[in-house]
Amino acid sequence: KPKPKPKPKPKLKPKPKPNPIILTLEPEPEPLKTMGQKLSQAAKNAKSVKGDASGVAAPDPGPEGATYPIVCSEDVMSEKSHGTTDAPVQQDLRWGANRETADRICCYNRHFAEQSGYWTKTRFLVEARKAELPVEFYDSVTGKRLFVAPLGRSLNAFVQESNEHGWPSFRDPEVDWSEVRCLPNGECVSLAGTHLGHNLPDRKGNRYCINLVSVAGRPADDS
């Protein structure tokens with residue numbers, strides 16, 4: 001018997017070539033001003049943060065168009081005659097803050113903090129609730145103003161947020177940028193070399209988690 005002829009193989013259609021994928025890098029958006037920057041800019045031209053009655057000067061927002069936090073180099077925290085500062089902390093700190101703890105944290109420390117919740121065990125809360133707001137916070141070494149709070153929120157809101165984290169917590173508009181800086185790693189310091197705490201941003205923006213013993217100084221004119 002003759003062998004059956006093999007069936008011809010069906011011709012395969014060539015697969016269509018996929019469209020080439022072109023990757024494009026979108027330009028980075030221009031940095032947006034945070035709410036804190038806007039508030040600070042508005043405060044720049046204000047005579048006070050609470051009107052003429054309080055007489056509290058608005059915090060310095062820093063250079064025009066500054067992006068927060070304003071960053072400094074390690075030179076600010078270089079070794080000086082008293083640790084990272086030129087002098088020890090003041091003798092009589094506000095709110096009954098412990099001077100020995102303050103000197104250790106402010107002048108001989110870069111990483112550690114006062115005990116969580118320590119600020120609630122001082123006289124701060126009692127005195128703040130009796131005081132005319134906002135409260136001004138001064139460098140425990142130099143007596144220069146570093147923070148003004150609460151701004152744009154109530155004292156209860158400031159206390160609640162600080163309680164949640166364990167340390168007084170400040171936002172961009174509450175920082176006096178004429179004296180405060182941050183290191184690239186988030187360490188928050190004064191220009192005098194005082195260790196203050198750290199910037200720990202959250203969904204609301206920058207949050208400066210600060211040791212009360214570092215900002216319990218008396219104004220330079222009064223100390």
# chains A, B, ... in the order shown; residues from 1 in each chain; ligands from 1
$ residues_around --residues "Phe147 (chain A)" --least-positions-apart "3" --cutoff "7 Å" --atoms "only C-alpha atoms" --output "list in words"
Glu136, Phe137, Glu174, Val175 and Asp176 of chain A
$ write_last_selection --atoms "N, CA and C atoms" --output "tab-separated table (two decimals), in the first residue's frame"
chain	number	residue	atom	x	y	z
A	136	GLU	N	6.91	80.88	76.16
A	136	GLU	CA	8.21	81.00	75.48
A	136	GLU	C	9.21	80.06	76.15
A	137	PHE	N	9.96	79.34	75.35
A	137	PHE	CA	10.93	78.36	75.85
A	137	PHE	C	12.34	78.84	75.49
A	174	GLU	N	6.19	76.98	65.53
A	174	GLU	CA	6.51	77.23	66.94
A	174	GLU	C	8.01	77.30	67.21
A	175	VAL	N	8.81	77.16	66.14
A	175	VAL	CA	10.27	77.17	66.27
A	175	VAL	C	10.81	78.56	65.95
A	176	ASP	N	11.71	79.06	66.77
A	176	ASP	CA	12.39	80.32	66.48
A	176	ASP	C	13.66	79.97	65.70
$ residues_around --residues "Asn199 (chain A)" --least-positions-apart "3" --cutoff "9 Å" --atoms "only C-alpha atoms" --output "list in words"
Pro69, Cys182, Asn185, Gly186, Glu187, Cys188, Asn206, Arg207, Tyr208, Cys209 and Ile210 of chain A
$ residues_around --residues "Leu133 (chain A)" --least-positions-apart "2" --cutoff "10 Å" --atoms "only C-alpha atoms" --output "list in words"
Val49, Lys50, Ser54, Val56, Ala128, Arg129, Lys130, Ala131, Val135, Glu136, Val148, Ala149, Pro150, Leu151, Ser154 and Leu155 of chain A
$ closest_residue --among "A:Gly166, A:Pro184, A:Gly193, A:Pro63" --to "Asp75 (chain A)" --atoms "only C-alpha atoms"
A:Gly193
$ select_by_dssp --residues "region 67-147 of chain A" --states "strand (DSSP E or B)" --output "NGL selection string"
:A and (71 or 80 or 82-83 or 85 or 135-138 or 145-147)
$ select_by_dssp --residues "region 72-160 of chain A" --states "alpha helix (DSSP H)" --output "ChimeraX atom specification"
/A:99-107,124-130,155-160
$ write_last_selection --atoms "N, CA, C and O atoms" --output "PDB file, in the first residue's frame"
ATOM      1  N   ARG A  99      18.952  70.437  87.267  1.00  0.00           N
ATOM      2  CA  ARG A  99      20.107  71.042  86.609  1.00  0.00           C
ATOM      3  C   ARG A  99      21.153  70.019  86.195  1.00  0.00           C
ATOM      4  O   ARG A  99      21.751  70.114  85.118  1.00  0.00           O
ATOM      5  N   GLU A 100      21.389  69.016  87.045  1.00  0.00           N
ATOM      6  CA  GLU A 100      22.398  68.004  86.713  1.00  0.00           C
ATOM      7  C   GLU A 100      21.994  67.238  85.452  1.00  0.00           C
ATOM      8  O   GLU A 100      22.811  67.018  84.546  1.00  0.00           O
ATOM      9  N   THR A 101      20.725  66.845  85.383  1.00  0.00           N
ATOM     10  CA  THR A 101      20.222  66.156  84.197  1.00  0.00           C
ATOM     11  C   THR A 101      20.319  67.064  82.980  1.00  0.00           C
ATOM     12  O   THR A 101      20.726  66.644  81.890  1.00  0.00           O
ATOM     13  N   ALA A 102      19.946  68.318  83.167  1.00  0.00           N
ATOM     14  CA  ALA A 102      19.976  69.276  82.068  1.00  0.00           C
ATOM     15  C   ALA A 102      21.387  69.460  81.526  1.00  0.00           C
ATOM     16  O   ALA A 102      21.605  69.468  80.305  1.00  0.00           O
ATOM     17  N   ASP A 103      22.359  69.594  82.396  1.00  0.00           N
ATOM     18  CA  ASP A 103      23.736  69.823  81.945  1.00  0.00           C
ATOM     19  C   ASP A 103      24.268  68.616  81.175  1.00  0.00           C
ATOM     20  O   ASP A 103      24.957  68.763  80.168  1.00  0.00           O
ATOM     21  N   ARG A 104      23.917  67.432  81.649  1.00  0.00           N
ATOM     22  CA  ARG A 104      24.381  66.216  80.988  1.00  0.00           C
ATOM     23  C   ARG A 104      23.762  66.086  79.592  1.00  0.00           C
ATOM     24  O   ARG A 104      24.451  65.763  78.625  1.00  0.00           O
ATOM     25  N   ILE A 105      22.464  66.357  79.506  1.00  0.00           N
ATOM     26  CA  ILE A 105      21.767  66.187  78.227  1.00  0.00           C
ATOM     27  C   ILE A 105      22.102  67.314  77.247  1.00  0.00           C
ATOM     28  O   ILE A 105      22.312  67.090  76.062  1.00  0.00           O
ATOM     29  N   CYS A 106      22.169  68.531  77.756  1.00  0.00           N
ATOM     30  CA  CYS A 106      22.412  69.689  76.879  1.00  0.00           C
ATOM     31  C   CYS A 106      23.838  69.751  76.346  1.00  0.00           C
ATOM     32  O   CYS A 106      24.049  70.101  75.183  1.00  0.00           O
ATOM     33  N   CYS A 107      24.806  69.431  77.191  1.00  0.00           N
ATOM     34  CA  CYS A 107      26.207  69.733  76.869  1.00  0.00           C
ATOM     35  C   CYS A 107      27.089  68.520  76.599  1.00  0.00           C
ATOM     36  O   CYS A 107      28.143  68.661  75.959  1.00  0.00           O
ATOM     37  N   PHE A 124       5.821  72.431  84.974  1.00  0.00           N
ATOM     38  CA  PHE A 124       5.472  73.041  83.696  1.00  0.00           C
ATOM     39  C   PHE A 124       3.963  73.113  83.462  1.00  0.00           C
ATOM     40  O   PHE A 124       3.424  74.178  83.135  1.00  0.00           O
ATOM     41  N   LEU A 125       3.256  71.996  83.588  1.00  0.00           N
ATOM     42  CA  LEU A 125       1.830  71.973  83.276  1.00  0.00           C
ATOM     43  C   LEU A 125       1.031  72.913  84.173  1.00  0.00           C
ATOM     44  O   LEU A 125       0.147  73.643  83.710  1.00  0.00           O
ATOM     45  N   VAL A 126       1.348  72.908  85.469  1.00  0.00           N
ATOM     46  CA  VAL A 126       0.640  73.781  86.407  1.00  0.00           C
ATOM     47  C   VAL A 126       0.858  75.244  86.047  1.00  0.00           C
ATOM     48  O   VAL A 126      -0.096  76.036  85.985  1.00  0.00           O
ATOM     49  N   GLU A 127       2.110  75.602  85.779  1.00  0.00           N
ATOM     50  CA  GLU A 127       2.426  77.000  85.484  1.00  0.00           C
ATOM     51  C   GLU A 127       1.912  77.424  84.108  1.00  0.00           C
ATOM     52  O   GLU A 127       1.459  78.548  83.921  1.00  0.00           O
ATOM     53  N   ALA A 128       1.961  76.513  83.132  1.00  0.00           N
ATOM     54  CA  ALA A 128       1.503  76.852  81.778  1.00  0.00           C
ATOM     55  C   ALA A 128       0.001  77.128  81.767  1.00  0.00           C
ATOM     56  O   ALA A 128      -0.474  78.006  81.042  1.00  0.00           O
ATOM     57  N   ARG A 129      -0.734  76.386  82.574  1.00  0.00           N
ATOM     58  CA  ARG A 129      -2.191  76.571  82.600  1.00  0.00           C
ATOM     59  C   ARG A 129      -2.581  77.870  83.297  1.00  0.00           C
ATOM     60  O   ARG A 129      -3.686  78.371  83.101  1.00  0.00           O
ATOM     61  N   LYS A 130      -1.681  78.396  84.082  1.00  0.00           N
ATOM     62  CA  LYS A 130      -1.956  79.664  84.751  1.00  0.00           C
ATOM     63  C   LYS A 130      -1.397  80.851  83.979  1.00  0.00           C
ATOM     64  O   LYS A 130      -1.805  81.990  84.189  1.00  0.00           O
ATOM     65  N   LEU A 155      -3.648  74.937  74.085  1.00  0.00           N
ATOM     66  CA  LEU A 155      -2.698  74.337  75.023  1.00  0.00           C
ATOM     67  C   LEU A 155      -3.030  72.861  75.210  1.00  0.00           C
ATOM     68  O   LEU A 155      -2.127  72.023  75.287  1.00  0.00           O
ATOM     69  N   ASN A 156      -4.313  72.534  75.270  1.00  0.00           N
ATOM     70  CA  ASN A 156      -4.708  71.131  75.424  1.00  0.00           C
ATOM     71  C   ASN A 156      -4.207  70.281  74.270  1.00  0.00           C
ATOM     72  O   ASN A 156      -3.770  69.143  74.467  1.00  0.00           O
ATOM     73  N   ALA A 157      -4.263  70.820  73.043  1.00  0.00           N
ATOM     74  CA  ALA A 157      -3.792  70.070  71.878  1.00  0.00           C
ATOM     75  C   ALA A 157      -2.279  69.860  71.956  1.00  0.00           C
ATOM     76  O   ALA A 157      -1.773  68.775  71.631  1.00  0.00           O
ATOM     77  N   PHE A 158      -1.564  70.896  72.388  1.00  0.00           N
ATOM     78  CA  PHE A 158      -0.105  70.789  72.553  1.00  0.00           C
ATOM     79  C   PHE A 158       0.232  69.730  73.605  1.00  0.00           C
ATOM     80  O   PHE A 158       1.104  68.882  73.400  1.00  0.00           O
ATOM     81  N   VAL A 159      -0.478  69.766  74.729  1.00  0.00           N
ATOM     82  CA  VAL A 159      -0.224  68.820  75.820  1.00  0.00           C
ATOM     83  C   VAL A 159      -0.580  67.398  75.395  1.00  0.00           C
ATOM     84  O   VAL A 159       0.168  66.449  75.675  1.00  0.00           O
ATOM     85  N   GLN A 160      -1.687  67.244  74.682  1.00  0.00           N
ATOM     86  CA  GLN A 160      -2.109  65.912  74.252  1.00  0.00           C
ATOM     87  C   GLN A 160      -1.075  65.283  73.320  1.00  0.00           C
ATOM     88  O   GLN A 160      -0.701  64.123  73.486  1.00  0.00           O
TER      89      GLN A 160
END
